[in-house]
file my_file_30.pdb (PDB, C-alpha atoms)
ATOM      1  CA  GLN A   1       0.912  24.422 -11.811  1.00  0.00           C
ATOM      2  CA  LEU A   2       1.724  25.711 -15.298  1.00  0.00           C
ATOM      3  CA  LYS A   3      -1.058  23.620 -16.823  1.00  0.00           C
ATOM      4  CA  TYR A   4      -3.373  25.084 -14.191  1.00  0.00           C
ATOM      5  CA  LEU A   5      -2.232  28.608 -15.075  1.00  0.00           C
ATOM      6  CA  LEU A   6      -2.448  28.390 -18.894  1.00  0.00           C
ATOM      7  CA  PRO A   7      -6.260  28.260 -19.292  1.00  0.00           C
ATOM      8  CA  ARG A   8      -6.558  31.197 -16.927  1.00  0.00           C
ATOM      9  CA  LEU A   9      -4.235  33.206 -19.130  1.00  0.00           C
ATOM     10  CA  MET A  10      -6.422  32.223 -22.063  1.00  0.00           C
ATOM     11  CA  SER A  11      -9.582  33.373 -20.282  1.00  0.00           C
ATOM     12  CA  ARG A  12      -7.938  36.663 -19.414  1.00  0.00           C
ATOM     13  CA  GLY A  13      -7.414  37.168 -23.111  1.00  0.00           C
ATOM     14  CA  ASP A  14     -11.173  36.841 -23.666  1.00  0.00           C
ATOM     15  CA  SER A  15     -11.875  39.684 -21.266  1.00  0.00           C
ATOM     16  CA  GLY A  16     -11.517  43.382 -21.933  1.00  0.00           C
ATOM     17  CA  LEU A  17      -7.954  43.371 -20.598  1.00  0.00           C
ATOM     18  CA  SER A  18      -6.372  42.819 -24.001  1.00  0.00           C
ATOM     19  CA  ARG A  19      -8.272  45.787 -25.429  1.00  0.00           C
ATOM     20  CA  LEU A  20      -7.513  48.302 -22.696  1.00  0.00           C
ATOM     21  CA  GLU A  21      -4.743  49.996 -24.606  1.00  0.00           C
ATOM     22  CA  GLY A  22      -5.410  48.735 -28.120  1.00  0.00           C
ATOM     23  CA  GLY A  23      -6.172  51.074 -30.968  1.00  0.00           C
ATOM     24  CA  ILE A  24      -8.746  50.551 -33.665  1.00  0.00           C
ATOM     25  CA  GLY A  25      -7.899  47.424 -35.634  1.00  0.00           C
ATOM     26  CA  GLY A  26      -4.645  46.962 -33.717  1.00  0.00           C
ATOM     27  CA  ARG A  27      -3.296  45.020 -30.791  1.00  0.00           C
ATOM     28  CA  GLY A  28      -2.412  46.853 -27.632  1.00  0.00           C
ATOM     29  CA  PRO A  29       0.404  46.172 -25.183  1.00  0.00           C
ATOM     30  CA  GLY A  30      -1.971  44.210 -22.927  1.00  0.00           C
ATOM     31  CA  GLU A  31      -2.806  41.684 -25.648  1.00  0.00           C
ATOM     32  CA  GLN A  32       0.820  41.404 -26.743  1.00  0.00           C
ATOM     33  CA  LYS A  33       1.945  40.678 -23.180  1.00  0.00           C
ATOM     34  CA  LEU A  34      -0.708  37.978 -22.794  1.00  0.00           C
ATOM     35  CA  GLU A  35       0.497  36.285 -25.982  1.00  0.00           C
ATOM     36  CA  ILE A  36       4.082  36.378 -24.715  1.00  0.00           C
ATOM     37  CA  ASP A  37       2.987  34.959 -21.337  1.00  0.00           C
ATOM     38  CA  ARG A  38       1.058  32.147 -23.013  1.00  0.00           C
ATOM     39  CA  ARG A  39       3.976  31.255 -25.274  1.00  0.00           C
ATOM     40  CA  ARG A  40       6.394  31.213 -22.346  1.00  0.00           C
ATOM     41  CA  VAL A  41       4.079  28.975 -20.328  1.00  0.00           C
ATOM     42  CA  ARG A  42       3.638  26.562 -23.261  1.00  0.00           C
ATOM     43  CA  ASP A  43       7.411  26.468 -23.875  1.00  0.00           C
ATOM     44  CA  ARG A  44       8.041  25.788 -20.188  1.00  0.00           C
ATOM     45  CA  ILE A  45       5.438  23.004 -20.145  1.00  0.00           C
ATOM     46  CA  ARG A  46       7.099  21.341 -23.168  1.00  0.00           C
ATOM     47  CA  ALA A  47      10.551  21.609 -21.556  1.00  0.00           C
ATOM     48  CA  LEU A  48       9.295  20.129 -18.283  1.00  0.00           C
ATOM     49  CA  GLU A  49       7.532  17.287 -20.095  1.00  0.00           C
ATOM     50  CA  LYS A  50      10.830  16.399 -21.793  1.00  0.00           C
ATOM     51  CA  GLN A  51      12.565  16.451 -18.404  1.00  0.00           C
ATOM     52  CA  LEU A  52       9.853  14.221 -16.948  1.00  0.00           C
ATOM     53  CA  GLN A  53      10.320  11.716 -19.755  1.00  0.00           C
ATOM     54  CA  ALA A  54      14.085  11.669 -19.233  1.00  0.00           C
ATOM     55  CA  GLU A  55      13.579  11.241 -15.489  1.00  0.00           C
ATOM     56  CA  ARG A  56      11.144   8.396 -16.174  1.00  0.00           C
ATOM     57  CA  THR A  57      13.859   6.597 -18.140  1.00  0.00           C
ATOM     58  CA  ARG A  58      16.451   7.119 -15.391  1.00  0.00           C
ATOM     59  CA  ARG A  59      14.079   5.834 -12.703  1.00  0.00           C
ATOM     60  CA  GLU A  60      13.222   2.746 -14.714  1.00  0.00           C
ATOM     61  CA  GLN A  61      16.943   2.010 -14.988  1.00  0.00           C
ATOM     62  CA  ARG A  62      17.329   2.413 -11.218  1.00  0.00           C
ATOM     63  CA  ARG A  63      14.313   0.179 -10.568  1.00  0.00           C
ATOM     64  CA  SER A  64      15.773  -2.454 -12.885  1.00  0.00           C
ATOM     65  CA  ARG A  65      19.049  -2.434 -10.925  1.00  0.00           C
ATOM     66  CA  ARG A  66      17.144  -2.771  -7.643  1.00  0.00           C
ATOM     67  CA  ARG A  67      15.185  -5.758  -8.976  1.00  0.00           C
ATOM     68  CA  GLN A  68      18.429  -7.409 -10.019  1.00  0.00           C
ATOM     69  CA  ARG A  69      19.831  -6.911  -6.506  1.00  0.00           C
ATOM     70  CA  ASP A  70      16.539  -8.074  -4.945  1.00  0.00           C
ATOM     71  CA  VAL A  71      16.299  -5.037  -2.647  1.00  0.00           C
ATOM     72  CA  PRO A  72      12.750  -4.572  -1.263  1.00  0.00           C
ATOM     73  CA  VAL A  73      11.206  -1.161  -1.950  1.00  0.00           C
ATOM     74  CA  ILE A  74       8.844   0.712   0.372  1.00  0.00           C
ATOM     75  CA  SER A  75       6.973   3.858  -0.659  1.00  0.00           C
ATOM     76  CA  LEU A  76       5.710   6.491   1.755  1.00  0.00           C
ATOM     77  CA  VAL A  77       2.455   7.997   0.520  1.00  0.00           C
ATOM     78  CA  GLY A  78      -0.050  10.320   2.105  1.00  0.00           C
ATOM     79  CA  TYR A  79      -2.047  13.484   1.859  1.00  0.00           C
ATOM     80  CA  THR A  80      -0.058  16.707   1.742  1.00  0.00           C
ATOM     81  CA  ASN A  81       1.477  17.661   5.122  1.00  0.00           C
ATOM     82  CA  ALA A  82       0.977  14.184   6.580  1.00  0.00           C
ATOM     83  CA  GLY A  83       4.598  14.219   7.780  1.00  0.00           C
ATOM     84  CA  LYS A  84       6.205  11.835   5.285  1.00  0.00           C
ATOM     85  CA  SER A  85       9.518  13.706   4.950  1.00  0.00           C
ATOM     86  CA  THR A  86       9.771  14.059   8.737  1.00  0.00           C
ATOM     87  CA  LEU A  87       9.242  10.312   9.132  1.00  0.00           C
ATOM     88  CA  LEU A  88      11.760   9.506   6.388  1.00  0.00           C
ATOM     89  CA  ASN A  89      14.364  11.700   8.094  1.00  0.00           C
ATOM     90  CA  LEU A  90      13.706   9.932  11.394  1.00  0.00           C
ATOM     91  CA  LEU A  91      13.854   6.402  10.008  1.00  0.00           C
ATOM     92  CA  THR A  92      16.953   6.932   7.882  1.00  0.00           C
ATOM     93  CA  ARG A  93      18.707   9.666   9.908  1.00  0.00           C
ATOM     94  CA  SER A  94      18.825  11.847   6.803  1.00  0.00           C
ATOM     95  CA  GLU A  95      17.971  15.481   6.130  1.00  0.00           C
ATOM     96  CA  VAL A  96      15.246  15.431   3.498  1.00  0.00           C
ATOM     97  CA  PHE A  97      13.677  18.850   2.842  1.00  0.00           C
ATOM     98  CA  VAL A  98      10.647  19.446   5.076  1.00  0.00           C
ATOM     99  CA  GLU A  99       8.174  22.278   4.509  1.00  0.00           C
ATOM    100  CA  HIS A 100       4.510  22.558   5.437  1.00  0.00           C
ATOM    101  CA  ARG A 101       3.080  23.521   2.073  1.00  0.00           C
ATOM    102  CA  MET A 102       1.461  21.770  -0.855  1.00  0.00           C
ATOM    103  CA  PHE A 103       3.835  19.971  -3.251  1.00  0.00           C
ATOM    104  CA  ALA A 104       6.908  20.795  -1.117  1.00  0.00           C
ATOM    105  CA  THR A 105       8.210  17.314  -1.991  1.00  0.00           C
ATOM    106  CA  LEU A 106       8.154  17.065  -5.787  1.00  0.00           C
ATOM    107  CA  ASP A 107      11.096  14.784  -6.492  1.00  0.00           C
ATOM    108  CA  PRO A 108      10.875  11.318  -4.939  1.00  0.00           C
ATOM    109  CA  THR A 109      13.654  10.872  -2.402  1.00  0.00           C
ATOM    110  CA  SER A 110      15.094   7.376  -1.918  1.00  0.00           C
ATOM    111  CA  ARG A 111      17.027   6.284   1.148  1.00  0.00           C
ATOM    112  CA  ARG A 112      18.305   2.979   2.441  1.00  0.00           C
ATOM    113  CA  LEU A 113      16.915   1.636   5.693  1.00  0.00           C
ATOM    114  CA  ARG A 114      17.929  -1.347   7.833  1.00  0.00           C
ATOM    115  CA  LEU A 115      15.017  -3.158   9.448  1.00  0.00           C
ATOM    116  CA  PRO A 116      15.127  -4.872  12.893  1.00  0.00           C
ATOM    117  CA  ARG A 117      15.915  -8.276  11.333  1.00  0.00           C
ATOM    118  CA  GLU A 118      18.894  -6.730   9.510  1.00  0.00           C
ATOM    119  CA  ARG A 119      17.066  -6.657   6.202  1.00  0.00           C
ATOM    120  CA  GLU A 120      18.088  -3.677   4.063  1.00  0.00           C
ATOM    121  CA  VAL A 121      15.349  -1.940   2.081  1.00  0.00           C
ATOM    122  CA  VAL A 122      14.924   1.187  -0.038  1.00  0.00           C
ATOM    123  CA  ILE A 123      12.290   3.656   1.174  1.00  0.00           C
ATOM    124  CA  ASN A 124      10.863   6.389  -1.077  1.00  0.00           C
ATOM    125  CA  ASP A 125       9.233   9.671  -0.107  1.00  0.00           C
ATOM    126  CA  THR A 126       6.613  10.832  -2.615  1.00  0.00           C
ATOM    127  CA  VAL A 127       4.695  13.998  -3.451  1.00  0.00           C
ATOM    128  CA  GLY A 128       1.822  14.791  -1.089  1.00  0.00           C
ATOM    129  CA  PHE A 129      -1.556  13.929  -2.572  1.00  0.00           C
ATOM    130  CA  ILE A 130      -4.554  16.276  -2.691  1.00  0.00           C
ATOM    131  CA  ARG A 131      -8.266  15.757  -3.212  1.00  0.00           C
ATOM    132  CA  ASP A 132      -9.736  16.122  -6.700  1.00  0.00           C
ATOM    133  CA  LEU A 133      -6.328  16.090  -8.351  1.00  0.00           C
ATOM    134  CA  PRO A 134      -6.953  17.066 -12.010  1.00  0.00           C
ATOM    135  CA  GLN A 135      -6.168  14.408 -14.600  1.00  0.00           C
ATOM    136  CA  ASP A 136      -3.512  16.562 -16.281  1.00  0.00           C
ATOM    137  CA  LEU A 137      -1.751  16.991 -12.923  1.00  0.00           C
ATOM    138  CA  ILE A 138      -1.867  13.235 -12.339  1.00  0.00           C
ATOM    139  CA  ALA A 139      -0.142  12.877 -15.717  1.00  0.00           C
ATOM    140  CA  ALA A 140       2.440  15.498 -14.743  1.00  0.00           C
ATOM    141  CA  PHE A 141       3.195  13.706 -11.462  1.00  0.00           C
ATOM    142  CA  ARG A 142       3.170  10.242 -13.012  1.00  0.00           C
ATOM    143  CA  ALA A 143       6.966  10.211 -13.344  1.00  0.00           C
ATOM    144  CA  THR A 144       7.148  10.906  -9.613  1.00  0.00           C
ATOM    145  CA  LEU A 145       4.413   8.485  -8.626  1.00  0.00           C
ATOM    146  CA  GLU A 146       5.767   5.690 -10.841  1.00  0.00           C
ATOM    147  CA  GLU A 147       8.254   4.984  -8.036  1.00  0.00           C
ATOM    148  CA  ILE A 148       5.291   3.401  -6.221  1.00  0.00           C
ATOM    149  CA  GLU A 149       4.689   0.860  -8.998  1.00  0.00           C
ATOM    150  CA  ASP A 150       7.555  -1.441  -8.048  1.00  0.00           C
ATOM    151  CA  SER A 151       7.027  -1.151  -4.305  1.00  0.00           C
ATOM    152  CA  ASP A 152       6.792  -4.282  -2.188  1.00  0.00           C
ATOM    153  CA  LEU A 153       4.930  -2.270   0.444  1.00  0.00           C
ATOM    154  CA  ILE A 154       3.149   1.085   0.671  1.00  0.00           C
ATOM    155  CA  VAL A 155       3.192   2.945   3.983  1.00  0.00           C
ATOM    156  CA  HIS A 156       0.151   5.226   3.919  1.00  0.00           C
ATOM    157  CA  LEU A 157       0.826   8.007   6.410  1.00  0.00           C
ATOM    158  CA  VAL A 158      -2.151   9.985   7.734  1.00  0.00           C
ATOM    159  CA  ASP A 159      -2.310  13.179   9.771  1.00  0.00           C
ATOM    160  CA  VAL A 160      -4.818  11.800  12.262  1.00  0.00           C
ATOM    161  CA  SER A 161      -5.058  15.173  14.002  1.00  0.00           C
ATOM    162  CA  HIS A 162      -6.633  16.751  10.917  1.00  0.00           C
ATOM    163  CA  PRO A 163     -10.419  17.183  11.238  1.00  0.00           C
ATOM    164  CA  ASP A 164     -10.864  15.841   7.687  1.00  0.00           C
ATOM    165  CA  PHE A 165      -8.473  12.889   8.037  1.00  0.00           C
ATOM    166  CA  GLU A 166     -10.955  10.275   6.793  1.00  0.00           C
ATOM    167  CA  ALA A 167     -11.635  12.230   3.592  1.00  0.00           C
ATOM    168  CA  GLN A 168      -7.870  12.523   3.109  1.00  0.00           C
ATOM    169  CA  ILE A 169      -7.495   8.759   3.460  1.00  0.00           C
ATOM    170  CA  ASP A 170     -10.164   8.282   0.786  1.00  0.00           C
ATOM    171  CA  ALA A 171      -8.456  10.808  -1.516  1.00  0.00           C
ATOM    172  CA  VAL A 172      -5.121   8.969  -1.339  1.00  0.00           C
ATOM    173  CA  GLN A 173      -6.764   5.586  -1.872  1.00  0.00           C
ATOM    174  CA  ARG A 174      -8.650   6.922  -4.914  1.00  0.00           C
ATOM    175  CA  ILE A 175      -5.453   8.184  -6.517  1.00  0.00           C
ATOM    176  CA  LEU A 176      -3.689   4.873  -5.873  1.00  0.00           C
ATOM    177  CA  LEU A 177      -6.677   3.149  -7.482  1.00  0.00           C
ATOM    178  CA  ASP A 178      -6.567   5.495 -10.496  1.00  0.00           C
ATOM    179  CA  LEU A 179      -2.874   4.712 -10.935  1.00  0.00           C
ATOM    180  CA  GLY A 180      -3.483   0.955 -10.666  1.00  0.00           C
ATOM    181  CA  TYR A 181      -1.557   0.484  -7.404  1.00  0.00           C
ATOM    182  CA  GLU A 182      -4.449  -0.729  -5.240  1.00  0.00           C
ATOM    183  CA  ASN A 183      -3.141  -4.313  -5.032  1.00  0.00           C
ATOM    184  CA  ILE A 184       0.212  -3.413  -3.460  1.00  0.00           C
ATOM    185  CA  PRO A 185       0.244  -4.385   0.255  1.00  0.00           C
ATOM    186  CA  THR A 186      -0.413  -1.271   2.335  1.00  0.00           C
ATOM    187  CA  LEU A 187       0.292  -0.387   5.958  1.00  0.00           C
ATOM    188  CA  LEU A 188      -1.928   2.390   7.360  1.00  0.00           C
ATOM    189  CA  VAL A 189      -0.097   4.642   9.840  1.00  0.00           C
ATOM    190  CA  PHE A 190      -1.728   7.413  11.899  1.00  0.00           C
ATOM    191  CA  ASN A 191       0.833  10.176  12.466  1.00  0.00           C
ATOM    192  CA  LYS A 192       0.731  13.241  14.766  1.00  0.00           C
ATOM    193  CA  VAL A 193      -0.980  11.454  17.666  1.00  0.00           C
ATOM    194  CA  ASP A 194       0.940  13.836  19.952  1.00  0.00           C
ATOM    195  CA  LEU A 195      -1.508  16.569  18.899  1.00  0.00           C
ATOM    196  CA  LEU A 196      -4.484  14.649  20.337  1.00  0.00           C
ATOM    197  CA  ASP A 197      -5.389  13.355  23.790  1.00  0.00           C
ATOM    198  CA  GLU A 198      -5.677   9.609  24.367  1.00  0.00           C
ATOM    199  CA  ALA A 199      -9.470   9.605  24.101  1.00  0.00           C
ATOM    200  CA  ALA A 200      -9.388  11.354  20.724  1.00  0.00           C
ATOM    201  CA  VAL A 201      -6.744   8.955  19.403  1.00  0.00           C
ATOM    202  CA  ALA A 202      -8.798   5.951  20.564  1.00  0.00           C
ATOM    203  CA  GLU A 203     -11.924   7.367  18.921  1.00  0.00           C
ATOM    204  CA  ARG A 204     -10.178   7.915  15.595  1.00  0.00           C
ATOM    205  CA  MET A 205      -8.476   4.517  15.731  1.00  0.00           C
ATOM    206  CA  ASN A 206     -11.794   2.755  16.383  1.00  0.00           C
ATOM    207  CA  GLY A 207     -12.413   0.054  13.786  1.00  0.00           C
ATOM    208  CA  LYS A 208      -9.335   0.942  11.741  1.00  0.00           C
ATOM    209  CA  ASP A 209      -6.326  -1.314  11.253  1.00  0.00           C
ATOM    210  CA  ALA A 210      -3.802   1.470  11.741  1.00  0.00           C
ATOM    211  CA  LEU A 211      -0.629   2.022  13.734  1.00  0.00           C
ATOM    212  CA  PRO A 212      -0.438   5.225  15.850  1.00  0.00           C
ATOM    213  CA  VAL A 213       2.875   7.119  15.735  1.00  0.00           C
ATOM    214  CA  SER A 214       4.374  10.553  16.175  1.00  0.00           C
ATOM    215  CA  ALA A 215       7.288  11.156  13.821  1.00  0.00           C
ATOM    216  CA  LEU A 216       8.013  14.458  15.548  1.00  0.00           C
ATOM    217  CA  ARG A 217       8.059  13.006  19.088  1.00  0.00           C
ATOM    218  CA  VAL A 218       9.594   9.659  18.024  1.00  0.00           C
ATOM    219  CA  HIS A 219       6.628   7.767  19.422  1.00  0.00           C
ATOM    220  CA  GLY A 220       5.803   4.276  18.103  1.00  0.00           C
ATOM    221  CA  VAL A 221       8.680   4.261  15.607  1.00  0.00           C
ATOM    222  CA  ASP A 222      10.248   0.977  16.791  1.00  0.00           C
ATOM    223  CA  ARG A 223       6.898  -0.742  16.479  1.00  0.00           C
ATOM    224  CA  LEU A 224       6.459   0.790  13.022  1.00  0.00           C
ATOM    225  CA  LEU A 225       9.772  -0.696  11.872  1.00  0.00           C
ATOM    226  CA  GLU A 226       8.694  -4.103  13.171  1.00  0.00           C
ATOM    227  CA  ARG A 227       5.359  -3.819  11.383  1.00  0.00           C
ATOM    228  CA  ILE A 228       7.097  -2.838   8.148  1.00  0.00           C
ATOM    229  CA  ASP A 229       9.392  -5.856   8.473  1.00  0.00           C
ATOM    230  CA  PHE A 230       6.427  -8.138   9.137  1.00  0.00           C
ATOM    231  CA  ALA A 231       4.221  -6.577   6.419  1.00  0.00           C
ATOM    232  CA  LEU A 232       6.744  -7.116   3.630  1.00  0.00           C
ATOM    233  CA  PRO A 233       5.768 -10.077   1.453  1.00  0.00           C
ATOM    234  CA  PRO A 234       7.751 -13.239   2.333  1.00  0.00           C
ATOM    235  CA  SER A 235       9.769 -13.078  -0.896  1.00  0.00           C
ATOM    236  CA  ALA A 236      10.875  -9.544  -0.002  1.00  0.00           C
ATOM    237  CA  ARG A 237      11.810 -10.515   3.572  1.00  0.00           C
ATOM    238  CA  ALA A 238      13.818 -13.580   2.646  1.00  0.00           C
TER     239      ALA A 238
END
call {"tool": "encode", "arguments": {"input": "my_file_30.pdb", "output": "structure tokens"}}
result
Amino acid sequence: QLKYLLPRLMSRGDSGLSRLEGGIGGRGPGEQKLEIDRRRVRDRIRALEKQLQAERTRREQRRSRRRQRDVPVISLVGYTNAGKSTLLNLLTRSEVFVEHRMFATLDPTSRRLRLPREREVVINDTVGFIRDLPQDLIAAFRATLEEIEDSDLIVHLVDVSHPDFEAQIDAVQRILLDLGYENIPTLLVFNKVDLLDEAAVAERMNGKDALPVSALRVHGVDRLLERIDFALPPSARA
């Protein structure tokens, strides 16, 4: 968000705003405030980048410990507001923050989950994706999205009730491709089927290898757990 804001502060400086109160040959209060705003934004960006790097190191250490313990890792991905945090809360009986706005989930949340065959796994919630994500924002979120890299399985959750759900599927798949995660086994899950009638669900499911669920109404969750268990690579299920 700060990287999005900075160029707009710069463009404001090119307008007449900075000269509104400036005297001849001098700088007015408007220009001085813009310079202060720009400096503060740049300083904040640098501080956050340092935090991201430190968090990257901590997550790599955690991933290394998980690999040593041979604990399978599942990552929940999806377009913003697909219902990932709601599903994570349901599956793990936890209270992960849920809010219906873009980037509500910024820090990846990890929880332990026991599958039907008594296999324990770690499941991660990730930031909601958006279409046309700028490259500098992909870089900013890379520390968050790196949790996906060591996943044994990706659960791609889709708000099937959204009129643009197919474009949202494509957007998520493009980002996974850009990050180099396209070869990780993926389970496609259509959430929010409770918001559609049966005919609409059948129409949207047509030709797609997806599992219909409703995280809010606890519909299809047992079958989802079985599919997750089955979809894990054999080495991760053993």
call {"tool": "atom_distance", "arguments": {"input": "my_file_30.pdb", "atom1": "CA of Leu188 in chain A", "atom2": "CA of Leu211 in chain A"}}
result
6.5 Å
call {"tool": "atom_distance", "arguments": {"input": "my_file_30.pdb", "atom1": "CA of Leu176 in chain A", "atom2": "CA of Leu157 in chain A"}}
result
13.5 Å
call {"tool": "atom_distance", "arguments": {"input": "my_file_30.pdb", "atom1": "CA of Ile148 in chain A", "atom2": "CA of Thr126 in chain A"}}
result
8.4 Å
call {"tool": "closest_residue", "arguments": {"input": "my_file_30.pdb", "among": "A:Leu88, A:Leu113, A:Pro212, A:Val221", "to": "Glu198 in chain A", "atoms": "all atoms listed in the file"}}
result
A:Pro212
call {"tool": "residues_around", "arguments": {"input": "my_file_30.pdb", "residues": "Ala202 in chain A", "least_positions_apart": "4", "cutoff": "12 Å", "atoms": "only C-alpha atoms", "output": "PDB file with C-alpha atoms, keeping the file's coordinate frame"}}
result
ATOM      1  CA  VAL A 160      -4.818  11.800  12.262  1.00  0.00           C
ATOM      2  CA  SER A 161      -5.058  15.173  14.002  1.00  0.00           C
ATOM      3  CA  PHE A 190      -1.728   7.413  11.899  1.00  0.00           C
ATOM      4  CA  VAL A 193      -0.980  11.454  17.666  1.00  0.00           C
ATOM      5  CA  LEU A 196      -4.484  14.649  20.337  1.00  0.00           C
ATOM      6  CA  ASP A 197      -5.389  13.355  23.790  1.00  0.00           C
ATOM      7  CA  GLU A 198      -5.677   9.609  24.367  1.00  0.00           C
ATOM      8  CA  ASN A 206     -11.794   2.755  16.383  1.00  0.00           C
ATOM      9  CA  GLY A 207     -12.413   0.054  13.786  1.00  0.00           C
ATOM     10  CA  LYS A 208      -9.335   0.942  11.741  1.00  0.00           C
ATOM     11  CA  ALA A 210      -3.802   1.470  11.741  1.00  0.00           C
ATOM     12  CA  LEU A 211      -0.629   2.022  13.734  1.00  0.00           C
ATOM     13  CA  PRO A 212      -0.438   5.225  15.850  1.00  0.00           C
TER      14      PRO A 212
END
call {"tool": "resolve_selection", "arguments": {"input": "my_file_30.pdb", "expression": "the PyMOL selection byres ((chain A and resi 220) around 12)", "output": "ChimeraX atom specification"}}
result
/A:87,90-91,189-194,210-219,221-227
call {"tool": "closest_residue", "arguments": {"input": "my_file_30.pdb", "among": "A:His156, A:Arg204, A:Arg112, A:His162", "to": "Lys84 in chain A", "atoms": "all atoms listed in the file"}}
result
A:His156
call {"tool": "closest_residue", "arguments": {"input": "my_file_30.pdb", "among": "A:Leu187, A:Asp170, A:Asp125, A:Glu35", "to": "Thr86 in chain A", "atoms": "all atoms listed in the file"}}
result
A:Asp125
call {"tool": "closest_residue", "arguments": {"input": "my_file_30.pdb", "among": "A:Asp209, A:Val77, A:Arg111, A:Val71", "to": "Asn89 in chain A", "atoms": "only C-alpha atoms"}}
result
A:Arg111
call {"tool": "closest_residue", "arguments": {"input": "my_file_30.pdb", "among": "A:Leu195, A:Ile45, A:Val122, A:Leu76", "to": "Pro163 in chain A", "atoms": "all atoms listed in the file"}}
result
A:Leu195
call {"tool": "closest_residue", "arguments": {"input": "my_file_30.pdb", "among": "A:Glu120, A:Glu146, A:Asp159, A:Glu166", "to": "Asp70 in chain A", "atoms": "all atoms listed in the file"}}
result
A:Glu120
call {"tool": "decode", "arguments": {"input": "my_file_30.pdb", "residues": "range 120-135 of chain A", "atoms": "N, CA and C atoms", "output": "mmCIF file, in the first residue's frame"}}
result
data_model
loop_
_atom_site.group_PDB
_atom_site.id
_atom_site.type_symbol
_atom_site.label_atom_id
_atom_site.label_comp_id
_atom_site.auth_asym_id
_atom_site.auth_seq_id
_atom_site.Cartn_x
_atom_site.Cartn_y
_atom_site.Cartn_z
ATOM 1 N N GLU A 120 -1.467 -36.049 11.171
ATOM 2 C CA GLU A 120 -1.419 -34.651 11.572
ATOM 3 C C GLU A 120 -0.692 -33.839 10.502
ATOM 4 N N VAL A 121 -1.285 -32.696 10.150
ATOM 5 C CA VAL A 121 -0.685 -31.816 9.149
ATOM 6 C C VAL A 121 -0.693 -30.385 9.679
ATOM 7 N N VAL A 122 0.080 -29.528 9.011
ATOM 8 C CA VAL A 122 0.036 -28.085 9.276
ATOM 9 C C VAL A 122 -0.694 -27.434 8.109
ATOM 10 N N ILE A 123 -1.663 -26.568 8.419
ATOM 11 C CA ILE A 123 -2.408 -25.867 7.375
ATOM 12 C C ILE A 123 -2.214 -24.365 7.534
ATOM 13 N N ASN A 124 -1.873 -23.697 6.427
ATOM 14 C CA ASN A 124 -1.583 -22.262 6.430
ATOM 15 C C ASN A 124 -2.688 -21.478 5.735
ATOM 16 N N ASP A 125 -3.097 -20.376 6.342
ATOM 17 C CA ASP A 125 -3.944 -19.395 5.668
ATOM 18 C C ASP A 125 -3.019 -18.352 5.054
ATOM 19 N N THR A 126 -3.359 -17.861 3.872
ATOM 20 C CA THR A 126 -2.497 -16.893 3.188
ATOM 21 C C THR A 126 -3.292 -15.647 2.808
ATOM 22 N N VAL A 127 -2.574 -14.616 2.399
ATOM 23 C CA VAL A 127 -3.206 -13.367 1.977
ATOM 24 C C VAL A 127 -4.086 -13.621 0.758
ATOM 25 N N GLY A 128 -5.247 -12.947 0.708
ATOM 26 C CA GLY A 128 -6.124 -13.071 -0.444
ATOM 27 C C GLY A 128 -5.502 -12.440 -1.681
ATOM 28 N N PHE A 129 -5.576 -13.158 -2.799
ATOM 29 C CA PHE A 129 -4.993 -12.662 -4.036
ATOM 30 C C PHE A 129 -5.957 -11.681 -4.707
ATOM 31 N N ILE A 130 -5.416 -10.836 -5.601
ATOM 32 C CA ILE A 130 -6.231 -9.965 -6.425
ATOM 33 C C ILE A 130 -5.717 -10.013 -7.850
ATOM 34 N N ARG A 131 -6.580 -9.622 -8.788
ATOM 35 C CA ARG A 131 -6.161 -9.566 -10.187
ATOM 36 C C ARG A 131 -5.180 -8.431 -10.415
ATOM 37 N N ASP A 132 -4.290 -8.638 -11.398
ATOM 38 C CA ASP A 132 -3.338 -7.601 -11.810
ATOM 39 C C ASP A 132 -2.530 -7.071 -10.635
ATOM 40 N N LEU A 133 -2.083 -7.981 -9.782
ATOM 41 C CA LEU A 133 -1.265 -7.587 -8.640
ATOM 42 C C LEU A 133 0.050 -7.011 -9.157
ATOM 43 N N PRO A 134 0.380 -5.758 -8.821
ATOM 44 C CA PRO A 134 1.625 -5.154 -9.318
ATOM 45 C C PRO A 134 2.850 -5.937 -8.856
ATOM 46 N N GLN A 135 3.896 -5.902 -9.678
ATOM 47 C CA GLN A 135 5.101 -6.670 -9.364
ATOM 48 C C GLN A 135 5.713 -6.257 -8.035
#
